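One file, protein.txt, is given below (compact mmCIF, C-alpha atoms and all ligand atoms).
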# COMPACT_ATOMS: atom_id res chain seq x y z
CA MET M 19 9.78 -22.42 -1.21
CA PRO M 20 7.33 -22.72 -4.11
CA GLY M 21 3.90 -21.17 -3.68
CA ARG M 22 1.47 -23.85 -2.66
CA ILE M 23 -2.20 -24.12 -1.92
CA VAL M 24 -2.88 -25.49 1.55
CA PRO M 25 -6.14 -26.12 3.40
CA ALA M 26 -7.00 -23.29 5.78
CA ASN M 27 -7.13 -25.48 8.88
CA ASP M 28 -5.84 -24.45 12.31
CA ALA M 29 -2.33 -25.79 11.70
CA TRP M 30 -1.88 -24.00 8.37
CA ILE M 31 -3.34 -20.72 9.65
CA ALA M 32 -0.86 -20.88 12.54
CA GLU M 33 1.97 -21.55 10.06
CA ALA M 34 0.79 -18.68 7.82
CA ALA M 35 0.71 -16.30 10.80
CA GLN M 36 4.29 -17.29 11.68
CA MET M 37 5.34 -16.70 8.10
CA ILE M 38 3.76 -13.23 8.05
CA ARG M 39 5.67 -12.39 11.23
CA ALA M 40 8.85 -13.65 9.58
CA GLY M 41 8.40 -11.32 6.59
CA ALA M 42 6.97 -13.76 4.02
CA LEU M 43 4.03 -13.18 1.65
CA VAL M 44 0.88 -15.20 2.30
CA ALA M 45 -2.27 -15.24 0.15
CA PHE M 46 -5.53 -15.56 2.07
CA PRO M 47 -9.26 -15.36 1.40
CA THR M 48 -11.38 -12.40 2.48
CA GLU M 49 -15.13 -11.99 2.00
CA THR M 50 -14.43 -9.97 -1.17
CA VAL M 51 -11.43 -11.39 -3.04
CA TYR M 52 -8.15 -13.10 -2.10
CA GLY M 53 -5.44 -10.81 -0.74
CA LEU M 54 -1.65 -11.10 -1.00
CA GLY M 55 -0.52 -10.14 2.47
CA SER M 56 2.59 -9.19 4.39
CA ASP M 57 3.40 -7.61 7.74
CA ALA M 58 2.42 -3.97 7.11
CA ALA M 59 5.33 -2.74 9.24
CA ASN M 60 7.98 -4.65 7.29
CA GLY M 61 9.05 -2.38 4.42
CA GLU M 62 10.97 -5.05 2.52
CA ALA M 63 8.07 -7.52 2.76
CA VAL M 64 5.74 -4.79 1.45
CA ALA M 65 8.19 -4.10 -1.39
CA ARG M 66 8.02 -7.78 -2.31
CA ILE M 67 4.23 -7.46 -2.69
CA PHE M 68 4.74 -4.81 -5.38
CA GLU M 69 7.35 -7.00 -7.02
CA ALA M 70 5.06 -10.05 -6.96
CA LYS M 71 2.17 -8.15 -8.49
CA GLY M 72 4.40 -6.68 -11.18
CA ARG M 73 2.91 -3.24 -10.57
CA PRO M 74 4.65 -0.62 -12.70
CA SER M 75 3.96 2.00 -10.02
CA PHE M 76 3.47 2.20 -6.26
CA ASN M 77 -0.31 2.32 -5.72
CA PRO M 78 -1.13 2.51 -2.04
CA LEU M 79 -2.28 -0.73 -0.40
CA ILE M 80 -5.06 -1.54 2.06
CA VAL M 81 -4.04 -2.37 5.63
CA HIS M 82 -6.15 -5.19 7.06
CA VAL M 83 -6.82 -5.11 10.79
CA ALA M 84 -8.68 -7.23 13.33
CA GLY M 85 -10.79 -4.26 14.39
CA LEU M 86 -10.95 -0.61 15.41
CA GLU M 87 -8.54 -1.04 18.31
CA GLN M 88 -5.74 -1.93 15.91
CA ALA M 89 -6.86 0.70 13.38
CA VAL M 90 -6.73 3.73 15.69
CA ILE M 91 -2.99 3.36 16.25
CA ILE M 92 -2.44 3.53 12.48
CA GLY M 93 -4.81 6.28 11.35
CA SER M 94 -6.90 9.08 12.76
CA PHE M 95 -10.60 8.14 13.08
CA SER M 96 -13.11 10.99 13.23
CA ALA M 97 -16.59 10.57 14.72
CA THR M 98 -17.90 9.80 11.21
CA ALA M 99 -15.17 7.23 10.66
CA ARG M 100 -16.03 5.54 13.96
CA ARG M 101 -19.71 5.47 13.12
CA LEU M 102 -18.88 3.79 9.81
CA THR M 103 -16.70 1.16 11.47
CA GLU M 104 -19.51 0.41 13.95
CA ALA M 105 -21.95 -0.06 11.08
CA PHE M 106 -19.78 -1.92 8.58
CA TRP M 107 -16.80 -3.57 10.30
CA PRO M 108 -15.90 -6.30 10.01
CA GLY M 109 -16.89 -5.99 6.36
CA PRO M 110 -16.08 -4.78 2.87
CA LEU M 111 -15.70 -1.06 3.60
CA THR M 112 -12.20 0.43 3.35
CA LEU M 113 -11.68 3.83 4.98
CA VAL M 114 -8.93 6.20 3.84
CA VAL M 115 -7.97 8.32 6.85
CA PRO M 116 -5.05 10.57 7.84
CA ARG M 117 -2.03 8.49 8.75
CA LEU M 118 -0.66 8.92 12.28
CA GLU M 119 2.98 9.95 12.45
CA THR M 120 3.51 7.42 15.23
CA THR M 121 2.42 4.38 13.19
CA ASP M 122 5.00 1.74 12.41
CA VAL M 123 3.18 0.81 9.18
CA SER M 124 5.70 1.16 6.32
CA ASP M 125 5.33 4.38 4.30
CA LEU M 126 5.52 2.22 1.18
CA VAL M 127 2.03 0.92 2.10
CA SER M 128 0.73 4.49 1.71
CA ALA M 129 2.99 5.05 -1.32
CA GLY M 130 4.33 8.11 0.49
CA LEU M 131 0.88 9.68 1.00
CA PRO M 132 -0.05 11.22 4.37
CA THR M 133 -3.12 8.95 4.38
CA VAL M 134 -3.75 5.24 4.87
CA ALA M 135 -6.50 2.84 3.73
CA ILE M 136 -7.73 0.44 6.43
CA ARG M 137 -10.37 -2.27 6.66
CA ALA M 138 -11.34 -5.14 8.95
CA PRO M 139 -12.26 -8.10 6.73
CA ASP M 140 -15.27 -10.27 7.57
CA HIS M 141 -13.97 -13.74 6.82
CA PRO M 142 -13.19 -16.34 9.50
CA ILE M 143 -9.85 -17.30 7.92
CA ALA M 144 -8.69 -13.71 7.45
CA ARG M 145 -9.77 -12.85 10.98
CA GLU M 146 -7.97 -15.82 12.50
CA LEU M 147 -4.84 -15.01 10.52
CA LEU M 148 -4.92 -11.39 11.71
CA LYS M 149 -5.47 -12.50 15.27
CA GLN M 150 -2.60 -14.98 15.27
CA ALA M 151 -0.17 -12.78 13.34
CA ASN M 152 -1.12 -10.10 15.87
CA ARG M 153 -0.16 -7.27 13.54
CA PRO M 154 -1.76 -5.35 10.69
CA ILE M 155 -1.45 -7.04 7.30
CA ALA M 156 -0.96 -5.00 4.11
CA ALA M 157 -2.70 -6.76 1.23
CA PRO M 158 -3.76 -5.81 -2.26
CA SER M 159 -5.88 -8.20 -4.30
CA ALA M 160 -3.86 -11.34 -5.04
CA ASN M 161 -3.56 -10.97 -8.81
CA ARG M 162 -0.91 -9.77 -11.23
CA SER M 163 -1.21 -6.07 -12.00
CA GLY M 164 -3.82 -5.52 -14.72
CA HIS M 165 -5.49 -8.90 -14.20
CA VAL M 166 -8.88 -9.37 -12.53
CA SER M 167 -8.97 -9.99 -8.78
CA ALA M 168 -8.70 -13.63 -7.71
CA THR M 169 -11.77 -15.19 -6.09
CA ARG M 170 -10.35 -18.73 -5.77
CA ALA M 171 -7.08 -20.13 -4.45
CA GLU M 172 -6.41 -21.72 -7.86
CA HIS M 173 -6.62 -18.30 -9.53
CA VAL M 174 -4.05 -16.94 -7.08
CA ALA M 175 -1.69 -19.82 -7.83
CA ALA M 176 -2.11 -19.40 -11.58
CA ASP M 177 -1.54 -15.65 -11.40
CA LEU M 178 1.17 -15.31 -8.75
CA GLY M 179 2.80 -18.74 -8.78
CA ASP M 180 5.81 -18.86 -6.50
CA ASN M 181 5.44 -15.29 -5.32
CA ALA M 182 3.05 -16.20 -2.53
CA THR M 183 4.91 -18.56 -0.25
CA LEU M 184 1.64 -20.01 0.96
CA ILE M 185 -1.92 -19.78 -0.35
CA LEU M 186 -4.59 -20.48 2.28
CA ASN M 187 -7.47 -22.15 0.49
CA GLY M 188 -10.83 -20.93 1.73
CA GLY M 189 -12.79 -21.89 -1.36
CA PRO M 190 -14.53 -19.31 -3.55
CA THR M 191 -14.99 -15.87 -1.94
CA ALA M 192 -18.50 -14.66 -1.10
CA HIS M 193 -18.70 -11.25 -2.81
CA GLY M 194 -16.28 -11.61 -5.66
CA LEU M 195 -16.25 -7.82 -5.73
CA GLU M 196 -13.66 -5.67 -3.95
CA SER M 197 -14.38 -3.52 -0.93
CA THR M 198 -15.84 -0.04 -1.27
CA VAL M 199 -13.10 2.57 -0.74
CA LEU M 200 -14.21 5.78 0.98
CA SER M 201 -11.94 8.73 1.74
CA LEU M 202 -12.59 10.58 5.01
CA VAL M 203 -9.60 12.83 4.62
CA GLY M 204 -11.28 16.04 3.39
CA ASP M 205 -14.30 18.02 4.58
CA THR M 206 -16.78 15.65 2.95
CA PRO M 207 -16.54 11.89 2.37
CA VAL M 208 -15.44 10.95 -1.15
CA LEU M 209 -16.08 7.60 -2.82
CA LEU M 210 -12.78 6.45 -4.36
CA ARG M 211 -13.91 3.00 -5.51
CA PRO M 212 -17.43 1.55 -5.66
CA GLY M 213 -17.54 -1.94 -4.17
CA ALA M 214 -19.38 -4.46 -2.06
CA VAL M 215 -21.04 -1.90 0.27
CA SER M 216 -23.39 0.40 -1.64
CA ILE M 217 -22.99 4.15 -1.46
CA GLU M 218 -26.66 4.55 -0.43
CA THR M 219 -26.20 2.35 2.65
CA ILE M 220 -23.20 4.43 3.67
CA GLU M 221 -25.12 7.69 3.13
CA GLN M 222 -27.90 6.40 5.37
CA VAL M 223 -25.47 5.74 8.20
CA ILE M 224 -23.73 9.11 8.09
CA GLY M 225 -26.78 11.13 7.02
CA GLU M 226 -24.73 12.97 4.45
CA LYS M 227 -24.26 12.86 0.67
CA ILE M 228 -21.07 11.26 -0.58
CA ALA M 229 -19.15 12.83 -3.46
CA ARG M 230 -17.84 10.60 -6.24
CA ALA M 231 -14.13 11.03 -6.81
CA ASN M 232 -14.56 12.26 -10.39
CA GLU M 233 -17.13 14.93 -9.42
CA LYS M 234 -14.37 16.69 -7.55
CA GLY M 235 -12.15 17.24 -10.53
CA GLU M 236 -8.58 16.47 -9.55
CA HIS M 237 -9.76 14.37 -6.64
CA LEU M 238 -7.95 11.26 -5.67
CA THR M 239 -9.34 8.54 -7.96
CA SER M 240 -5.89 7.17 -8.11
CA PRO M 241 -3.57 9.37 -6.13
CA GLY M 242 -0.47 7.68 -7.53
CA GLN M 243 -1.35 8.90 -10.98
CA LEU M 244 -1.35 12.61 -10.14
CA ARG M 245 2.02 13.69 -11.41
CA SER M 246 2.76 16.37 -8.89
CA HIS M 247 0.98 14.74 -5.98
CA TYR M 248 3.96 13.62 -3.93
CA ALA M 249 6.42 16.10 -5.28
CA PRO M 250 9.08 17.05 -2.73
CA HIS M 251 10.02 20.74 -2.44
CA SER M 252 13.46 20.06 -3.85
CA LYS M 253 13.87 19.56 -7.58
CA LEU M 254 14.93 16.09 -8.68
CA ARG M 255 17.60 15.44 -11.30
CA LEU M 256 17.52 11.82 -12.48
CA ASN M 257 20.36 9.64 -13.79
CA ALA M 258 22.93 11.97 -12.27
CA THR M 259 26.54 10.79 -12.34
CA THR M 260 27.97 13.95 -10.83
CA TRP M 261 26.65 16.82 -8.68
CA LYS M 262 27.45 20.17 -7.12
CA SER M 263 28.48 20.34 -3.49
CA ASP M 264 25.23 22.10 -2.50
CA GLU M 265 23.06 19.36 -4.01
CA ALA M 266 21.69 16.38 -2.09
CA VAL M 267 22.32 12.90 -3.50
CA LEU M 268 19.97 9.94 -3.59
CA GLY M 269 22.18 7.00 -4.48
CA PHE M 270 21.76 3.38 -5.47
CA GLY M 271 24.52 0.77 -5.47
CA LYS M 272 28.09 2.04 -5.87
CA VAL M 273 28.11 5.83 -5.78
CA ALA M 274 30.97 8.20 -6.67
CA LYS M 275 32.41 10.15 -3.74
CA HIS M 276 31.97 13.78 -4.82
CA PRO M 277 31.18 16.24 -2.03
CA CYS M 278 27.47 17.01 -1.55
CA ARG M 279 25.10 18.63 0.92
CA ALA M 280 23.52 15.39 2.17
CA SER M 281 23.30 11.90 0.82
CA ILE M 282 21.35 8.68 1.31
CA ASN M 283 22.01 5.41 -0.45
CA LEU M 284 18.78 3.48 -1.09
CA SER M 285 20.74 0.24 -1.22
CA PRO M 286 24.54 0.18 -1.22
CA SER M 287 24.44 -3.47 -2.33
CA GLY M 288 22.16 -2.62 -5.28
CA ASP M 289 19.10 -4.50 -4.00
CA LEU M 290 15.88 -3.10 -5.51
CA ILE M 291 13.69 -4.50 -2.71
CA GLU M 292 15.73 -2.72 -0.07
CA ALA M 293 15.69 0.41 -2.24
CA ALA M 294 11.89 0.36 -2.56
CA ALA M 295 11.50 -0.08 1.19
CA ASN M 296 13.71 2.98 1.83
CA LEU M 297 12.47 5.22 -0.99
CA PHE M 298 9.84 7.45 0.62
CA ALA M 299 11.69 8.04 3.89
CA ALA M 300 14.87 8.85 1.96
CA LEU M 301 13.11 11.37 -0.29
CA ARG M 302 11.57 13.07 2.71
CA ALA M 303 14.86 13.22 4.60
CA LEU M 304 16.78 14.69 1.63
CA ASP M 305 13.97 17.17 1.03
CA GLU M 306 14.35 18.31 4.63
CA SER M 307 18.09 18.86 4.12
CA GLY M 308 17.05 22.08 2.37
CA ALA M 309 18.92 21.34 -0.87
CA ASP M 310 17.43 22.98 -3.98
CA THR M 311 18.14 19.86 -5.97
CA ILE M 312 18.33 16.16 -5.24
CA ALA M 313 20.58 14.37 -7.72
CA VAL M 314 19.48 10.77 -8.20
CA THR M 315 22.03 8.25 -9.46
CA PRO M 316 20.88 5.75 -12.13
CA ILE M 317 18.55 3.00 -10.92
CA PRO M 318 17.96 -0.07 -13.10
CA THR M 319 14.48 -0.38 -14.59
CA ALA M 320 14.07 -4.15 -14.21
CA GLY M 321 11.61 -5.62 -11.68
CA LEU M 322 10.79 -3.19 -8.88
CA GLY M 323 13.10 -0.67 -10.56
CA GLU M 324 10.24 0.25 -12.88
CA ALA M 325 8.02 1.37 -10.00
CA ILE M 326 10.92 3.16 -8.27
CA ASN M 327 11.78 5.05 -11.46
CA ASP M 328 8.09 5.82 -12.05
CA ARG M 329 7.89 7.39 -8.61
CA LEU M 330 11.05 9.42 -9.14
CA GLU M 331 9.94 10.60 -12.59
CA ARG M 332 6.68 11.86 -11.08
CA ALA M 333 8.60 13.72 -8.41
CA ALA M 334 10.89 15.20 -11.08
CA ALA M 335 8.01 16.29 -13.33
CA PRO M 336 7.35 20.05 -13.66
CA ARG M 337 4.94 21.31 -10.98
CA ASP M 338 1.46 22.64 -11.77
O1 LIG I 401 -11.67 -6.11 -1.22
C1 LIG I 401 -10.59 -5.54 -1.21
O2 LIG I 401 -10.46 -4.33 -0.96
C2 LIG I 401 -9.34 -6.39 -1.51
C3 LIG I 401 -9.16 -7.39 -0.37
C4 LIG I 401 -7.92 -8.21 -0.50
O3 LIG I 401 -9.18 -6.69 0.87
N1 LIG I 401 -8.17 -5.56 -1.65
C5 LIG I 401 -7.97 -4.74 -2.74
O4 LIG I 401 -6.75 -4.07 -2.70
O5 LIG I 401 -8.76 -4.63 -3.63
P1 LIG I 401 -6.14 -3.28 -3.96
O6 LIG I 401 -4.74 -2.91 -3.57
O7 LIG I 401 -6.28 -4.10 -5.17
O8 LIG I 401 -6.97 -1.97 -4.04
C6 LIG I 401 -6.79 -0.95 -3.07
C7 LIG I 401 -7.50 0.31 -3.49
C8 LIG I 401 -6.84 0.94 -4.68
O9 LIG I 401 -7.84 1.47 -5.53
C9 LIG I 401 -6.03 2.06 -4.04
O10 LIG I 401 -5.77 3.14 -4.91
C10 LIG I 401 -6.91 2.47 -2.87
O11 LIG I 401 -7.45 1.24 -2.40
N2 LIG I 401 -6.12 3.07 -1.80
C11 LIG I 401 -5.31 2.46 -0.92
N3 LIG I 401 -4.71 3.35 -0.09
C12 LIG I 401 -5.16 4.55 -0.46
C13 LIG I 401 -4.89 5.89 0.00
N4 LIG I 401 -4.05 6.13 1.01
N5 LIG I 401 -5.54 6.90 -0.62
C14 LIG I 401 -6.39 6.65 -1.63
N6 LIG I 401 -6.67 5.43 -2.12
C15 LIG I 401 -6.06 4.40 -1.54
MG MG I 402 -6.65 -4.86 -7.08

Can you dump the structure from the file as structure tokens?
Ligand code: TXA
Ligand code: MG
Amino acid sequence: MPGRIVPANDAWIAEAAQMIRAGALVAFPTETVYGLGSDAANGEAVARIFEAKGRPSFNPLIVHVAGLEQAVIIGSFSATARRLTEAFWPGPLTLVVPRLETTDVSDLVSAGLPTVAIRAPDHPIARELLKQANRPIAAPSANRSGHVSATRAEHVAADLGDNATLILNGGPTAHGLESTVLSLVGDTPVLLRPGAVSIETIEQVIGEKIARANEKGEHLTSPGQLRSHYAPHSKLRLNATTWKSDEAVLGFGKVAKHPCRASINLSPSGDLIEAAANLFAALRALDESGADTIAVTPIPTAGLGEAINDRLERAAAPRD
């Protein structure tokens, strides 16, 4: 179905909620910018977000929730985190918190990190969509990678075309500036992205100074860019066509049947979307097999293959 702009009336919001539940991508307005959303628990739907945006790497996405009740079963909220949600939710403050092991949110949303970014948007259409879909919605800004964020439905259509099955038109967004992203993962809060809520207002609420990401040296500005950040313990050997019997094998498509210590095929049928959805869990599982080396069979670089290969190259890079 081609991407189309529809009025955000009750009937279309209900349809959009159904589509989210069925695994489709829906663009919707928030108070900051338009988001391109999918069911956060559906790994293949999340993979299609990365494909639609044409992102060359897996940056972690924000999970949108109706409120704290939905958030606390995804991430761990400290007293400070709760105070911030009381002060700023619903609203343009995204909190990065430790991810709960029990969450069913896809690990592709966190790009394999042990953390997750969550916010409750303050926009009647976004809130109604979240309520009716009745599940958390993963959504980056609804623009092609490298383009500016979309603040109108027409911009989403021009940028993403057919990739959003439906675009709920809520008119121009109020802020036109993305949410503030604050990490509450370490000992002190760290500002990862300045945005619609000012740092001073946040400092007033928590009575504590907030560090800027770049003041802390290697800190987290863009976790996906740190080469060794998600490195598994095992070494990775890319474009492997053969392997030793004590090596683990991460396969894609048709894979030769040499003996090996453990093996997982990301997608026996050679589907890059399925492969992206399985990537992080597969890496973790093979890492836990105890093999010194994971041999990775060739993966095409077209479409989502670029981001998959980017992730694997980072994991294969020499450690600091
Ligand atoms: O206003 C907004 O935040 C919009 C609307 C749609 O909600 N969304 C948005 O999403 O701007 P996106 O994907 O374009 O930006 C998400 C930001 C990125 O800078 C990303 O690196 C950061 O949040 N982020 C997400 N998860 C993270 C994590 N686990 N750790 C650190 N940073 C994270
Ligand atoms: Mg963005």

Using only C-alpha atoms and all ligand atoms, tabulate the residues of chain M lying at most 7 Å from any atom of ligand MG 402 (chain I), each with its closest atom pair and that distance in Å to one decimal, by chain and increasing residue number, as JSON lines.
{"residue": "M:Pro158", "atom": "CA", "partner": "I:MG402", "partner_atom": "MG", "distance": 5.7}
{"residue": "M:Ser159", "atom": "CA", "partner": "I:MG402", "partner_atom": "MG", "distance": 4.4}
{"residue": "M:Ser167", "atom": "CA", "partner": "I:MG402", "partner_atom": "MG", "distance": 5.9}

Ligand LIG 401 (chain I): which residues are within 7 Å, counting all atoms listed in the file, as a VMD selection string?
-> chain M and resid 48 50 to 54 77 to 80 110 112 114 128 131 133 to 135 139 157 to 160 195 to 199 201 210 to 211 238 240 to 241

For M:Glu218, please output as a PyMOL selection string all residues within 12 Å (counting only C-alpha atoms; exclusion window: fewer than 6 positions along the same chain).
-> chain M and resi 198+209+212+224-229

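Among the candidates M:Ile143, M:Leu297, M:Val215, M:Val123, the one nearest to M:Phe106 when counting all atoms listed in the file is M:Val215.
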
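Minimum atom-to-atom distance to M:Ala293, evaluated using only C-alpha atoms, belongs to M:Glu62 out of M:His82, M:Ile31, M:Ile155, M:Glu62.
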
Long-range neighbours of M:Gly188 as a VMD selection string, 9 Å cut-off, all atoms listed in the file, 6 positions minimum in chain | chain M and resid 25 to 26 46 to 48 143 170 to 171

Contacts of stretch 84-91 of chain M at 10 Å or less, counting all atoms listed in the file, minus same-chain residues fewer than 4 places along, as a PyMOL selection string?
-> chain M and resi 95-96+100+103-104+107-108+117-123+135-140+144-149+152-155

Which distance in Å separates atom CA of M:Leu126 and atom CA of M:Ser56, to one decimal?
-> 12.2 Å

One decimal place gives the atom CA of M:Gly269-atom CA of M:Ala335 separation as 19.1 Å

Rounded to one decimal place, report the atom CA of M:Val203-atom CA of M:Ala97 distance in Å.
->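 Taking atom CA of M:Val203 and atom CA of M:Ala97, their separation equals 12.5 Å.
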
Among the residues M:Glu221, M:Glu306, M:Glu33, M:Asp177, the one that comes closest to M:Pro207 [using all atoms listed in the file] =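 Smallest distance to M:Pro207 is found for M:Glu221.
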
Compile the contact shell of M:Ala151 as a PyMOL selection string: residues with an atom at most 8 Å away, counting only C-alpha atoms, same-chain residues fewer than 4 positions apart removed.
-> chain M and resi 35-36+38-39+147

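Minimum atom-to-atom distance to M:Glu292, evaluated using all atoms listed in the file, belongs to M:Arg66 out of M:Arg329, M:Lys275, M:Arg66, M:His173.
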
When you look at stretch 161-165 of chain M with a cut-off of 6 Å (counting all atoms listed in the file), what residues show up, excluding the ones that are within fewer than 4 positions of it in the same chain? I need them as a compact mmCIF listing (two decimals) with C-alpha atoms, in the coordinates of the input.
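Output contents, as saved in out11.txt:
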# COMPACT_ATOMS: atom_id res chain seq x y z
CA LYS M 71 2.17 -8.15 -8.49
CA GLY M 72 4.40 -6.68 -11.18
CA ARG M 73 2.91 -3.24 -10.57
CA ASP M 177 -1.54 -15.65 -11.40

In terms of the shortest atom-to-atom distance over all atoms listed in the file, which of M:Asp310, M:His251, M:Ser94, M:Ala299 is closest to M:Ala266?
->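 Using all atoms listed in the file, the shortest distance to M:Ala266 belongs to M:Asp310.
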
Which residue gives the smallest distance to M:Leu254 among M:Ile67, M:Ala34, M:Val314, M:Leu178, with only C-alpha atoms counted?
->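 Of the candidates, the smallest distance to M:Leu254 is held by M:Val314.
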